[in-house]
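What follows is work-v6.txt (compact mmCIF, C-alpha atoms and all ligand atoms).
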# COMPACT_ATOMS: atom_id res chain seq x y z
CA MET A 669 46.25 -84.01 -26.07
CA SER A 670 43.48 -85.99 -24.37
CA ALA A 671 43.30 -89.31 -22.61
CA LEU A 672 40.46 -91.56 -21.55
CA TYR A 673 40.63 -93.92 -18.58
CA LEU A 674 38.03 -96.62 -17.92
CA HIS A 675 37.89 -98.25 -14.51
CA ILE A 676 36.70 -101.86 -14.54
CA PRO A 677 36.02 -102.53 -10.84
CA PHE A 678 36.06 -106.33 -10.61
CA CYS A 679 38.69 -108.86 -9.55
CA LYS A 680 38.65 -112.61 -9.08
CA GLN A 681 40.17 -112.28 -5.63
CA ALA A 682 41.60 -109.57 -3.40
CA CYS A 683 45.38 -109.16 -3.42
CA HIS A 684 46.52 -108.56 0.14
CA TYR A 685 48.27 -105.24 -0.56
CA CYS A 686 45.67 -103.67 -2.85
CA ASP A 687 43.72 -100.54 -1.99
CA PHE A 688 42.32 -99.82 -5.44
CA HIS A 689 38.58 -99.81 -5.80
CA PHE A 690 37.28 -103.23 -6.87
CA SER A 691 34.70 -105.86 -5.97
CA THR A 692 34.76 -109.64 -6.30
CA GLN A 693 30.97 -109.62 -7.06
CA ILE A 694 31.48 -110.27 -10.75
CA ALA A 695 27.74 -110.98 -11.21
CA GLN A 696 27.26 -107.20 -11.42
CA LYS A 697 29.48 -106.96 -14.50
CA GLU A 698 26.65 -106.65 -17.07
CA GLU A 699 25.01 -103.72 -15.28
CA MET A 700 28.41 -102.10 -14.80
CA ILE A 701 29.26 -102.31 -18.52
CA GLN A 702 25.92 -100.67 -19.33
CA ALA A 703 26.63 -97.94 -16.77
CA ILE A 704 30.16 -97.33 -18.05
CA CYS A 705 28.84 -97.06 -21.62
CA LYS A 706 26.19 -94.63 -20.43
CA GLU A 707 28.74 -92.53 -18.54
CA ILE A 708 30.89 -92.22 -21.68
CA GLY A 709 27.89 -90.50 -23.29
CA LEU A 710 27.12 -88.37 -20.23
CA GLN A 711 30.71 -87.14 -20.11
CA LYS A 712 31.11 -86.58 -23.84
CA ASN A 713 31.79 -82.86 -23.43
CA TYR A 714 34.33 -83.09 -20.61
CA LEU A 715 37.39 -83.11 -22.87
CA GLN A 716 38.25 -80.09 -25.03
CA ASN A 717 40.06 -82.25 -27.53
CA LYS A 718 37.97 -85.18 -28.78
CA THR A 719 40.91 -86.90 -30.47
CA LEU A 720 42.28 -89.35 -27.95
CA GLN A 721 46.00 -89.87 -27.66
CA SER A 722 45.42 -92.78 -25.32
CA VAL A 723 42.73 -95.02 -23.90
CA TYR A 724 43.55 -97.02 -20.79
CA LEU A 725 41.42 -99.82 -19.38
CA GLY A 726 42.50 -100.24 -15.77
CA GLY A 727 41.03 -101.51 -12.57
CA GLY A 728 40.28 -103.87 -11.13
CA THR A 729 40.92 -106.44 -13.79
CA PRO A 730 39.85 -105.40 -17.30
CA SER A 731 41.10 -108.72 -18.68
CA LEU A 732 37.91 -110.22 -17.17
CA LEU A 733 35.94 -108.53 -19.97
CA ASN A 734 34.80 -110.68 -22.89
CA LEU A 735 34.51 -109.82 -26.59
CA GLN A 736 30.94 -108.48 -26.31
CA ASP A 737 31.80 -106.28 -23.32
CA LEU A 738 34.79 -104.80 -25.10
CA GLU A 739 32.97 -104.30 -28.40
CA ARG A 740 30.18 -102.39 -26.66
CA ILE A 741 32.64 -100.18 -24.81
CA PHE A 742 34.66 -99.35 -27.93
CA GLU A 743 31.55 -98.74 -30.00
CA GLN A 744 30.45 -96.20 -27.42
CA ILE A 745 33.90 -94.56 -27.25
CA GLN A 746 33.87 -94.16 -31.02
CA ARG A 747 30.43 -92.55 -30.97
CA PHE A 748 31.77 -89.62 -28.95
CA PHE A 749 35.55 -89.54 -29.39
CA ILE A 750 38.09 -89.98 -32.17
CA LEU A 751 40.57 -92.84 -32.15
CA THR A 752 43.42 -92.68 -34.65
CA PRO A 753 46.01 -95.32 -35.69
CA GLN A 754 48.39 -93.53 -33.27
CA THR A 755 46.05 -93.82 -30.26
CA GLU A 756 47.70 -95.97 -27.62
CA ILE A 757 45.06 -98.38 -26.29
CA THR A 758 46.23 -100.20 -23.18
CA LEU A 759 44.51 -102.96 -21.25
CA GLU A 760 45.68 -104.06 -17.81
CA ALA A 761 45.67 -107.84 -17.65
CA ASN A 762 46.29 -110.54 -15.13
CA PRO A 763 48.46 -113.39 -16.42
CA ASP A 764 45.85 -116.07 -15.67
CA ASP A 765 43.37 -114.39 -18.06
CA LEU A 766 45.71 -114.31 -21.04
CA SER A 767 44.98 -117.35 -23.19
CA GLN A 768 45.75 -117.25 -26.89
CA GLU A 769 42.03 -116.87 -27.60
CA LYS A 770 41.66 -113.94 -25.17
CA LEU A 771 44.70 -112.21 -26.66
CA GLN A 772 43.25 -112.54 -30.16
CA ILE A 773 40.02 -110.97 -28.90
CA LEU A 774 41.98 -108.08 -27.42
CA GLN A 775 43.75 -107.54 -30.70
CA LYS A 776 40.49 -107.69 -32.61
CA VAL A 777 38.92 -104.87 -30.57
CA GLY A 778 41.99 -102.67 -31.06
CA ILE A 779 44.04 -103.08 -27.88
CA ASN A 780 47.62 -102.29 -28.95
CA ARG A 781 49.40 -102.24 -25.58
CA LEU A 782 49.24 -104.67 -22.67
CA SER A 783 50.15 -103.99 -19.09
CA ILE A 784 50.50 -107.36 -17.39
CA GLY A 785 50.30 -107.46 -13.59
CA ILE A 786 52.99 -110.03 -12.90
CA GLN A 787 54.37 -108.60 -9.61
CA SER A 788 56.74 -111.55 -9.14
CA PHE A 789 57.88 -114.75 -10.84
CA HIS A 790 58.51 -116.36 -7.46
CA LYS A 791 55.82 -118.77 -6.28
CA PRO A 792 55.98 -118.03 -2.51
CA HIS A 793 55.91 -114.28 -3.19
CA LEU A 794 52.84 -114.62 -5.40
CA ALA A 795 51.16 -116.60 -2.62
CA PHE A 796 52.22 -114.00 -0.04
CA LEU A 797 50.66 -111.22 -2.15
CA HIS A 798 47.59 -113.44 -2.73
CA ARG A 799 47.74 -113.09 -6.50
CA SER A 800 45.40 -115.26 -8.58
CA HIS A 801 48.16 -116.46 -10.95
CA ASN A 802 51.19 -118.66 -10.51
CA GLU A 803 54.79 -118.27 -11.66
CA LEU A 804 54.29 -120.39 -14.80
CA GLN A 805 51.31 -118.32 -15.93
CA ALA A 806 53.35 -115.17 -15.30
CA GLU A 807 56.00 -116.17 -17.80
CA LYS A 808 53.70 -117.86 -20.26
CA SER A 809 51.34 -114.89 -20.53
CA VAL A 810 54.11 -112.66 -21.89
CA LYS A 811 55.30 -115.28 -24.35
CA ILE A 812 51.81 -115.98 -25.74
CA ALA A 813 51.15 -112.24 -26.04
CA GLN A 814 54.35 -111.86 -28.05
CA ASP A 815 53.45 -114.87 -30.23
CA VAL A 816 50.04 -113.41 -30.95
CA GLY A 817 51.76 -110.21 -32.12
CA PHE A 818 51.77 -107.77 -29.19
CA SER A 819 55.06 -105.88 -29.15
CA ASN A 820 54.12 -103.00 -26.84
CA ILE A 821 54.05 -104.81 -23.49
CA ASN A 822 54.58 -103.53 -19.98
CA ILE A 823 54.94 -105.79 -16.99
CA ASP A 824 54.43 -104.68 -13.40
CA LEU A 825 56.83 -105.98 -10.78
CA MET A 826 56.87 -105.35 -7.06
CA TYR A 827 59.93 -104.92 -4.84
CA ALA A 828 60.57 -104.78 -1.09
CA ILE A 829 58.60 -107.99 -0.60
CA PRO A 830 60.08 -109.37 2.65
CA ALA A 831 62.93 -111.81 1.93
CA GLU A 832 66.20 -112.90 3.49
CA ASN A 833 68.32 -111.29 0.79
CA HIS A 834 68.07 -109.76 -2.69
CA GLN A 835 68.36 -112.97 -4.69
CA ILE A 836 64.65 -113.34 -5.50
CA TRP A 837 64.42 -109.72 -6.65
CA GLU A 838 67.50 -110.12 -8.82
CA LYS A 839 66.02 -113.26 -10.36
CA ASP A 840 62.68 -111.52 -10.96
CA LEU A 841 64.45 -108.74 -12.82
CA GLN A 842 66.49 -111.19 -14.84
CA LYS A 843 63.33 -113.08 -15.84
CA ALA A 844 61.74 -109.83 -16.95
CA LEU A 845 64.80 -108.97 -19.06
CA ASP A 846 64.88 -112.48 -20.56
CA LEU A 847 61.34 -111.90 -21.79
CA SER A 848 62.53 -108.92 -23.92
CA ILE A 849 59.70 -106.59 -22.96
CA PRO A 850 60.13 -102.90 -23.85
CA HIS A 851 58.57 -101.43 -20.68
CA LEU A 852 58.69 -102.24 -17.00
CA SER A 853 56.90 -100.60 -14.06
CA ALA A 854 58.26 -101.43 -10.63
CA TYR A 855 56.47 -100.42 -7.45
CA CYS A 856 57.61 -100.64 -3.88
CA LEU A 857 55.31 -102.73 -1.69
CA THR A 858 53.53 -100.35 0.65
CA ILE A 859 51.12 -101.28 3.39
CA GLU A 860 47.88 -99.35 3.19
CA PRO A 861 45.48 -99.28 6.14
CA ARG A 862 42.36 -100.70 4.45
CA THR A 863 44.09 -103.78 3.05
CA VAL A 864 44.65 -107.29 4.44
CA PHE A 865 48.30 -106.37 5.06
CA GLY A 866 47.22 -103.15 6.75
CA LYS A 867 44.99 -105.06 9.15
CA LYS A 868 47.73 -107.61 9.85
CA LEU A 869 50.16 -104.80 10.59
CA GLU A 870 47.68 -103.19 12.95
CA LYS A 871 47.33 -106.48 14.85
CA ARG A 872 51.11 -106.84 14.85
CA LYS A 873 50.88 -110.01 12.76
CA MET A 874 53.16 -108.50 10.16
CA GLN A 875 56.33 -106.42 10.19
CA PRO A 876 56.38 -103.00 8.50
CA ILE A 877 58.32 -102.77 5.24
CA ASP A 878 62.03 -102.39 5.89
CA GLU A 879 62.90 -99.03 4.30
CA ASN A 880 66.56 -99.78 4.01
CA PHE A 881 65.84 -103.09 2.27
CA ALA A 882 63.41 -101.30 -0.08
CA ARG A 883 66.05 -98.70 -0.91
CA GLN A 884 68.63 -101.36 -1.70
CA GLN A 885 66.15 -103.09 -4.01
CA MET A 886 65.39 -99.83 -5.79
CA GLN A 887 69.13 -99.38 -6.34
CA ILE A 888 69.39 -102.93 -7.78
CA LEU A 889 66.41 -102.14 -10.02
CA MET A 890 67.97 -98.92 -11.35
CA ASN A 891 71.39 -100.50 -11.92
CA THR A 892 70.03 -103.62 -13.61
CA LEU A 893 67.70 -101.81 -15.97
CA LYS A 894 70.23 -99.14 -16.84
CA SER A 895 72.77 -101.83 -17.81
CA ALA A 896 70.08 -103.50 -19.93
CA GLY A 897 69.53 -100.28 -21.91
CA PHE A 898 66.30 -99.09 -20.33
CA GLU A 899 65.60 -95.41 -19.81
CA HIS A 900 64.44 -94.53 -16.31
CA TYR A 901 61.89 -91.98 -17.48
CA GLU A 902 59.77 -91.81 -14.32
CA ILE A 903 60.52 -92.98 -10.79
CA SER A 904 58.55 -96.24 -11.20
CA ASN A 905 58.82 -96.60 -14.97
CA PHE A 906 61.48 -97.83 -17.37
CA ALA A 907 61.27 -97.99 -21.16
CA LYS A 908 63.43 -99.19 -24.03
CA ASN A 909 63.62 -97.61 -27.49
CA GLY A 910 61.13 -94.84 -26.72
CA PHE A 911 58.33 -97.19 -25.62
CA TYR A 912 57.11 -94.62 -23.07
CA SER A 913 53.54 -95.01 -21.87
CA LYS A 914 51.68 -92.22 -23.68
CA HIS A 915 48.84 -92.47 -21.19
CA ASN A 916 50.90 -92.01 -18.03
CA THR A 917 53.07 -89.36 -19.68
CA ASN A 918 49.88 -87.45 -20.36
CA TYR A 919 49.13 -87.44 -16.60
CA TRP A 920 52.64 -86.40 -15.65
CA ILE A 921 52.81 -83.49 -18.03
CA GLY A 922 49.42 -82.18 -16.89
CA ASN A 923 47.24 -82.76 -19.98
CA GLU A 924 43.49 -83.22 -19.67
CA TYR A 925 41.98 -86.67 -19.14
CA LEU A 926 38.57 -88.15 -18.52
CA GLY A 927 38.10 -91.05 -16.10
CA VAL A 928 34.97 -93.16 -16.44
CA GLY A 929 33.71 -95.81 -13.98
CA PRO A 930 33.48 -95.97 -10.17
CA SER A 931 36.42 -94.28 -8.41
CA ALA A 932 37.82 -92.88 -11.68
CA HIS A 933 39.41 -89.41 -11.64
CA SER A 934 39.26 -86.72 -14.29
CA TYR A 935 41.22 -83.52 -14.86
CA ASN A 936 40.51 -80.62 -17.18
CA GLY A 937 43.25 -78.16 -16.29
CA LYS A 938 41.07 -76.25 -13.81
CA SER A 939 39.56 -78.89 -11.56
CA ARG A 940 39.74 -82.54 -10.62
CA GLN A 941 36.73 -84.78 -10.49
CA PHE A 942 36.42 -88.03 -8.51
CA ASN A 943 33.68 -90.56 -9.21
CA ILE A 944 32.12 -92.33 -6.26
CA ALA A 945 34.02 -95.50 -5.25
CA HIS A 946 30.93 -97.68 -4.77
CA ASN A 947 29.66 -99.95 -7.54
CA GLN A 948 25.96 -100.07 -6.66
CA ASN A 949 25.59 -96.36 -5.98
CA TYR A 950 27.56 -95.55 -9.13
CA ILE A 951 25.21 -97.70 -11.23
CA ILE A 952 22.06 -96.18 -9.65
CA ASP A 953 23.21 -92.60 -10.28
CA ILE A 954 24.40 -93.23 -13.81
CA PHE A 955 21.13 -94.96 -14.75
CA ALA A 956 19.35 -91.89 -13.37
CA GLY A 957 21.42 -89.77 -15.77
CA LYS A 958 23.73 -88.22 -13.19
CA VAL A 959 27.52 -88.60 -12.85
CA PRO A 960 28.23 -89.21 -9.13
CA ALA A 961 31.38 -87.11 -8.91
CA THR A 962 32.96 -84.75 -6.41
CA ILE A 963 34.58 -81.73 -8.03
CA GLU A 964 37.65 -80.10 -6.54
CA GLU A 965 38.62 -76.70 -7.95
CA LEU A 966 42.40 -76.36 -7.98
CA SER A 967 43.89 -73.31 -6.30
CA PRO A 968 47.17 -71.83 -7.65
CA LYS A 969 48.86 -73.50 -4.66
CA ASP A 970 47.40 -76.94 -5.58
CA LYS A 971 48.53 -76.50 -9.18
CA LEU A 972 52.10 -75.67 -8.23
CA ASN A 973 52.38 -78.49 -5.69
CA GLU A 974 50.96 -81.05 -8.10
CA TYR A 975 53.30 -79.87 -10.83
CA LEU A 976 56.29 -80.27 -8.51
CA LEU A 977 55.20 -83.74 -7.38
CA THR A 978 54.73 -85.11 -10.87
CA SER A 979 57.35 -83.29 -12.93
CA LEU A 980 60.28 -83.94 -10.58
CA ARG A 981 59.57 -87.67 -10.79
CA THR A 982 60.16 -87.64 -14.56
CA CYS A 983 63.35 -87.50 -16.59
CA TRP A 984 62.04 -84.26 -18.18
CA GLY A 985 62.29 -82.40 -14.85
CA ALA A 986 60.44 -79.31 -13.63
CA GLU A 987 60.45 -76.27 -15.96
CA LYS A 988 61.60 -73.13 -14.23
CA SER A 989 59.38 -70.87 -16.34
CA LYS A 990 56.34 -72.95 -15.40
CA LEU A 991 57.24 -72.86 -11.69
CA LYS A 992 57.50 -69.06 -11.92
CA GLN A 993 54.28 -68.78 -13.85
CA LEU A 994 52.43 -70.86 -11.22
CA TYR A 995 54.07 -69.11 -8.26
CA PRO A 996 55.97 -65.89 -9.05
CA ASP A 997 57.84 -66.02 -5.70
CA PHE A 998 58.92 -69.66 -6.13
CA PHE A 999 62.65 -68.97 -6.53
CA GLN A 1000 62.83 -66.24 -3.87
CA LYS A 1001 61.13 -68.50 -1.34
CA ASN A 1002 63.07 -71.65 -2.22
CA GLN A 1003 66.55 -70.39 -3.01
CA GLU A 1004 68.10 -71.80 0.17
CA VAL A 1005 66.34 -75.15 -0.06
CA LEU A 1006 67.40 -75.54 -3.69
CA GLN A 1007 71.00 -74.73 -2.81
CA LYS A 1008 70.91 -77.24 0.04
CA PHE A 1009 69.58 -79.99 -2.26
CA GLU A 1010 72.25 -79.15 -4.84
CA LYS A 1011 75.00 -79.40 -2.22
CA GLN A 1012 73.58 -82.74 -1.08
CA ASN A 1013 73.66 -83.89 -4.72
CA LEU A 1014 69.91 -84.54 -4.73
CA ILE A 1015 69.03 -82.17 -7.60
CA PHE A 1016 70.78 -80.46 -10.49
CA GLN A 1017 69.68 -77.43 -12.46
CA ASN A 1018 70.35 -75.58 -15.70
CA ASN A 1019 68.84 -72.32 -16.96
CA LYS A 1020 65.59 -73.95 -17.86
CA LYS A 1021 64.95 -76.91 -15.60
CA ILE A 1022 65.41 -78.67 -12.26
CA TYR A 1023 66.05 -82.42 -12.24
CA LEU A 1024 66.56 -85.09 -9.60
CA THR A 1025 69.96 -86.77 -9.48
CA GLU A 1026 70.22 -90.57 -9.17
CA GLU A 1027 70.49 -90.08 -5.40
CA GLY A 1028 67.56 -87.66 -5.42
CA LYS A 1029 65.28 -90.31 -6.96
CA PHE A 1030 65.20 -92.10 -3.61
CA PHE A 1031 63.69 -89.00 -1.98
CA ALA A 1032 61.52 -87.66 -4.83
CA ASP A 1033 58.35 -87.05 -2.82
CA GLN A 1034 60.19 -85.53 0.12
CA ILE A 1035 62.14 -83.15 -2.13
CA ALA A 1036 58.93 -82.03 -3.84
CA ALA A 1037 57.22 -81.57 -0.45
CA ASP A 1038 60.08 -79.38 0.81
CA LEU A 1039 59.55 -77.11 -2.22
CA PHE A 1040 55.77 -76.92 -1.82
CA TRP A 1041 53.91 -73.68 -1.59
CA VAL A 1042 52.44 -73.94 1.93
S1 LIG B 1 44.19 -107.78 -9.36
FE1 LIG B 1 44.93 -105.65 -9.21
S2 LIG B 1 43.12 -104.42 -8.68
FE2 LIG B 1 42.60 -106.59 -8.30
S3 LIG B 1 43.01 -106.89 -6.14
FE3 LIG B 1 44.87 -107.51 -7.25
S4 LIG B 1 46.15 -105.64 -7.34
FE4 LIG B 1 44.06 -105.02 -6.77
Spit out the file's structure as structure tokens when you get a sec.
Amino acid sequence: MSALYLHIPFCKQACHYCDFHFSTQIAQKEEMIQAICKEIGLQKNYLQNKTLQSVYLGGGTPSLLNLQDLERIFEQIQRFFILTPQTEITLEANPDDLSQEKLQILQKVGINRLSIGIQSFHKPHLAFLHRSHNELQAEKSVKIAQDVGFSNINIDLMYAIPAENHQIWEKDLQKALDLSIPHLSAYCLTIEPRTVFGKKLEKRKMQPIDENFARQQMQILMNTLKSAGFEHYEISNFAKNGFYSKHNTNYWIGNEYLGVGPSAHSYNGKSRQFNIAHNQNYIIDIFAGKVPATIEELSPKDKLNEYLLTSLRTCWGAEKSKLKQLYPDFFQKNQEVLQKFEKQNLIFQNNKKIYLTEEGKFFADQIAADLFWV
């Protein structure tokens, strides 16, 4: 199975927590669309399987693209790859871009899944995060999308935003449930060094995120969504009625994918490839016919560690046969650690797989790191 990711590196304004690659110089959009279309052609042979299971337009803010931009991109995709009626085609959108007209355009070009970056329905929290939308647009965007006919909708929410208690988070979750969406991604607010929050923290103008508070909010999240019938299929992702994200699942299970656009990553089973995270230099190189990417060959150790990191975070767990195949000594080396985690009720195992328990989900990355091949 193959997946295609397109990185649209423009945003109206910078959210204070964000360390994705983007620019607010939207005037460069035309050149960028041309470059992205050209890169799709340059990279046409990267994927073994030309039939795409998913296409994902992320960023940045792909909902800034207009009909002509999207038509050109999809025309180019269809010149080199195969889209089928089953291909999941997701577009990340900000609520303030989603008018009825825009949603009809998205439908017309074939977008069949929306991922709406709501983050919060609470006005002061949206201002704190420096989002470009308000609480009314957050709610309205989902309702208009549903009215226009989108049924496969994800919303992103953020927890651990500083607050006196958990009331705002509980209300945010309730609002999300009231909107009857089939998929929710919830991410813990983290403070990254290159962001506005990172700089504030460095100057001691902001407190670090309270880990205990974050943990309590994750527990509220898991309890609330479980009671509402959602399946917690990956640490940050919840789906109802099998509405899993095909695109992200493809990453987690280690299938190949091609990433196009500045800062996009690709993976072909043997190596990873990272495009340059600089709009102007990306455009110059692509127009000169060269993909500005750094290639990283994956050692057996890298492959095992990546598999542990991603598979343990999912409800499908880590396959013992695969762990052995990647590292024949895995179980000899880790027997004691695995027993310790089992005693602590952080993992459980059967003949075929290792899974995290509910308690283990709070320590997913640490558990994986303790099992790494070092
Ligand atoms: S809209 Fe998304 S990509 Fe753009 S700054 Fe905000 S979080 Fe980052």
Return as a compact mmCIF listing (two decimals) with C-alpha atoms, in the frame of the given file every polymer residue, whether protein, DNA or RNA, with at least one atom no more than 10 Å from an atom of ligand LIG 1 (chain B); count all atoms listed in the file.
# COMPACT_ATOMS: atom_id res chain seq x y z
CA HIS A 675 37.89 -98.25 -14.51
CA ILE A 676 36.70 -101.86 -14.54
CA PRO A 677 36.02 -102.53 -10.84
CA PHE A 678 36.06 -106.33 -10.61
CA CYS A 679 38.69 -108.86 -9.55
CA LYS A 680 38.65 -112.61 -9.08
CA GLN A 681 40.17 -112.28 -5.63
CA ALA A 682 41.60 -109.57 -3.40
CA CYS A 683 45.38 -109.16 -3.42
CA HIS A 684 46.52 -108.56 0.14
CA TYR A 685 48.27 -105.24 -0.56
CA CYS A 686 45.67 -103.67 -2.85
CA ASP A 687 43.72 -100.54 -1.99
CA PHE A 688 42.32 -99.82 -5.44
CA HIS A 689 38.58 -99.81 -5.80
CA PHE A 690 37.28 -103.23 -6.87
CA SER A 691 34.70 -105.86 -5.97
CA THR A 692 34.76 -109.64 -6.30
CA GLY A 726 42.50 -100.24 -15.77
CA GLY A 727 41.03 -101.51 -12.57
CA GLY A 728 40.28 -103.87 -11.13
CA THR A 729 40.92 -106.44 -13.79
CA PRO A 730 39.85 -105.40 -17.30
CA SER A 731 41.10 -108.72 -18.68
CA GLU A 760 45.68 -104.06 -17.81
CA ALA A 761 45.67 -107.84 -17.65
CA ASN A 762 46.29 -110.54 -15.13
CA PRO A 763 48.46 -113.39 -16.42
CA GLY A 785 50.30 -107.46 -13.59
CA ILE A 786 52.99 -110.03 -12.90
CA GLN A 787 54.37 -108.60 -9.61
CA LEU A 797 50.66 -111.22 -2.15
CA HIS A 798 47.59 -113.44 -2.73
CA ARG A 799 47.74 -113.09 -6.50
CA SER A 800 45.40 -115.26 -8.58
CA HIS A 801 48.16 -116.46 -10.95
CA THR A 863 44.09 -103.78 3.05
Can you write out as a Markdown table which residues of region 709-798 of chain A fall within 12 Å of region 825-830 of chain A, alongside each residue's closest atom pair and its distance in Å to one decimal, counting only C-alpha atoms and ordering rows by chain and ascending residue number?
| residue | atom | partner | partner_atom | distance |
| --- | --- | --- | --- | --- |
| A:Ser783 | CA | A:Leu825 | CA | 10.8 |
| A:Ile784 | CA | A:Leu825 | CA | 9.3 |
| A:Gly785 | CA | A:Leu825 | CA | 7.3 |
| A:Ile786 | CA | A:Leu825 | CA | 6.0 |
| A:Gln787 | CA | A:Leu825 | CA | 3.8 |
| A:Ser788 | CA | A:Leu825 | CA | 5.8 |
| A:Phe789 | CA | A:Leu825 | CA | 8.8 |
| A:His790 | CA | A:Ile829 | CA | 10.8 |
| A:Pro792 | CA | A:Ile829 | CA | 10.6 |
| A:His793 | CA | A:Ile829 | CA | 7.3 |
| A:Leu794 | CA | A:Ile829 | CA | 10.0 |
| A:Ala795 | CA | A:Ile829 | CA | 11.6 |
| A:Phe796 | CA | A:Ile829 | CA | 8.8 |
| A:Leu797 | CA | A:Ile829 | CA | 8.7 |
Nearest to Asp765 (chain A), chosen from A:Asn780, A:Tyr912, A:Ile812, A:Thr719, with all atoms listed in the file counted in the distances
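The shortest atom-to-atom distance to Asp765 (chain A) comes from A:Ile812.
The smallest atom-to-atom distance between Gln1007 (chain A) and any of A:Leu1039, A:Lys776, A:Leu771, A:Tyr901, using all atoms listed in the file, is found for A:Leu1039.
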Which of A:Met700, A:Tyr673, A:Lys969, A:Ile963 sits closest to Asp997 (chain A) [using only C-alpha atoms]
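Going through A:Met700, A:Tyr673, A:Lys969, A:Ile963 one by one, the smallest distance to Asp997 (chain A) is for A:Lys969.
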By how many Å are CA of Leu782 (chain A) and CA of Met890 (chain A) apart?
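Spanning CA of Leu782 (chain A) to CA of Met890 (chain A) is a straight-line distance of 22.6 Å.
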Find the distance between CA of Thr755 (chain A) and CA of Glu739 (chain A) and write it in Å to one decimal.
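Separation between CA of Thr755 (chain A) and CA of Glu739 (chain A): 16.9 Å.
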What is the CA of Gln993 (chain A)-CA of Ala932 (chain A) distance in Å, reported with one decimal?
29.3 Å
Between A:His851, A:His834, A:Lys718, A:Arg872, which one has atoms that come closest to Asn909 (chain A), using only C-alpha atoms?
A:His851
All residues 12 Å or closer to Leu869 (chain A), all atoms listed in the file, same chain fewer than 5 positions away omitted, as a PyMOL selection string
chain A and resi 684-685+858-864+874-877
Which residue of A:Pro996, A:Gln746, A:Phe881, A:Ile741 approaches Glu832 (chain A) most closely, using only C-alpha atoms
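The closest residue to Glu832 (chain A) is A:Phe881.
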As a PyMOL selection string, please: the residues near Asn947 (chain A) (cut-off 10 Å, all atoms listed in the file, same-chain neighbours under 2 positions excluded).
chain A and resi 677-678+689-691+693+696-697+699-700+703+929-931+944-945+949-952
Calculated over all atoms listed in the file, which of the candidates A:Ala1032, A:Leu738, A:Leu1006, A:Ile745 has the smallest distance to Leu759 (chain A)?
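Answer, going by the shortest atom-to-atom distance: A:Leu738.
For Leu751 (chain A), the residues within 12 Å (counting all atoms listed in the file, excluding itself and residues fewer than 6 positions away along the chain) are Ser670, Ala671, Leu672, Asn717, Lys718, Thr719, Leu720, Gln721, Ser722, Val723, Phe742, Glu743, Gln744, Ile745, Ile757, Gly778 and Ile779 of chain A.
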Excluding Ser809 (chain A) and its own-chain neighbours fewer than 3 positions away, which residues fall within 8 Å of it when counting all atoms listed in the file? Please give them as an MDAnalysis selection string.
chainID A and resid 763:764 766:767 805:806 812:813
Test item: residues at most 6 Å from Gly985 (chain A), only C-alpha atoms, excluding those fewer than 4 positions along its chain, as JSON, numbers by chain:
{"A": [979, 980, 1022, 1023]}
Starting from the incomplete input, reconstruct N, CA and C atoms of region 932-943 of chain A and report them as a PDB file, in the frame of the given file.
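New file rebuild-v8.pdb:
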ATOM      1  N   ALA A 932      36.918 -93.490 -10.678  1.00  0.00           N
ATOM      2  CA  ALA A 932      37.820 -92.880 -11.680  1.00  0.00           C
ATOM      3  C   ALA A 932      37.958 -91.377 -11.453  1.00  0.00           C
ATOM      4  N   HIS A 933      39.131 -90.847 -11.784  1.00  0.00           N
ATOM      5  CA  HIS A 933      39.410 -89.410 -11.640  1.00  0.00           C
ATOM      6  C   HIS A 933      39.475 -88.765 -13.012  1.00  0.00           C
ATOM      7  N   SER A 934      39.135 -87.485 -13.050  1.00  0.00           N
ATOM      8  CA  SER A 934      39.260 -86.720 -14.290  1.00  0.00           C
ATOM      9  C   SER A 934      39.957 -85.402 -13.991  1.00  0.00           C
ATOM     10  N   TYR A 935      40.521 -84.792 -15.034  1.00  0.00           N
ATOM     11  CA  TYR A 935      41.220 -83.520 -14.860  1.00  0.00           C
ATOM     12  C   TYR A 935      41.071 -82.705 -16.136  1.00  0.00           C
ATOM     13  N   ASN A 936      40.697 -81.435 -15.976  1.00  0.00           N
ATOM     14  CA  ASN A 936      40.510 -80.620 -17.180  1.00  0.00           C
ATOM     15  C   ASN A 936      41.345 -79.343 -17.168  1.00  0.00           C
ATOM     16  N   GLY A 937      42.388 -79.336 -16.346  1.00  0.00           N
ATOM     17  CA  GLY A 937      43.250 -78.160 -16.290  1.00  0.00           C
ATOM     18  C   GLY A 937      42.842 -77.168 -15.214  1.00  0.00           C
ATOM     19  N   LYS A 938      41.557 -77.196 -14.837  1.00  0.00           N
ATOM     20  CA  LYS A 938      41.070 -76.250 -13.810  1.00  0.00           C
ATOM     21  C   LYS A 938      40.650 -76.981 -12.546  1.00  0.00           C
ATOM     22  N   SER A 939      40.050 -78.159 -12.729  1.00  0.00           N
ATOM     23  CA  SER A 939      39.560 -78.890 -11.560  1.00  0.00           C
ATOM     24  C   SER A 939      39.811 -80.383 -11.734  1.00  0.00           C
ATOM     25  N   ARG A 940      39.710 -81.080 -10.600  1.00  0.00           N
ATOM     26  CA  ARG A 940      39.740 -82.540 -10.620  1.00  0.00           C
ATOM     27  C   ARG A 940      38.353 -83.026 -10.266  1.00  0.00           C
ATOM     28  N   GLN A 941      38.043 -84.212 -10.734  1.00  0.00           N
ATOM     29  CA  GLN A 941      36.730 -84.780 -10.490  1.00  0.00           C
ATOM     30  C   GLN A 941      36.909 -86.233 -10.086  1.00  0.00           C
ATOM     31  N   PHE A 942      36.247 -86.657  -9.021  1.00  0.00           N
ATOM     32  CA  PHE A 942      36.420 -88.030  -8.510  1.00  0.00           C
ATOM     33  C   PHE A 942      35.072 -88.724  -8.501  1.00  0.00           C
ATOM     34  N   ASN A 943      34.946 -89.796  -9.247  1.00  0.00           N
ATOM     35  CA  ASN A 943      33.680 -90.560  -9.210  1.00  0.00           C
ATOM     36  C   ASN A 943      33.581 -91.343  -7.913  1.00  0.00           C
TER      37      ASN A 943
END
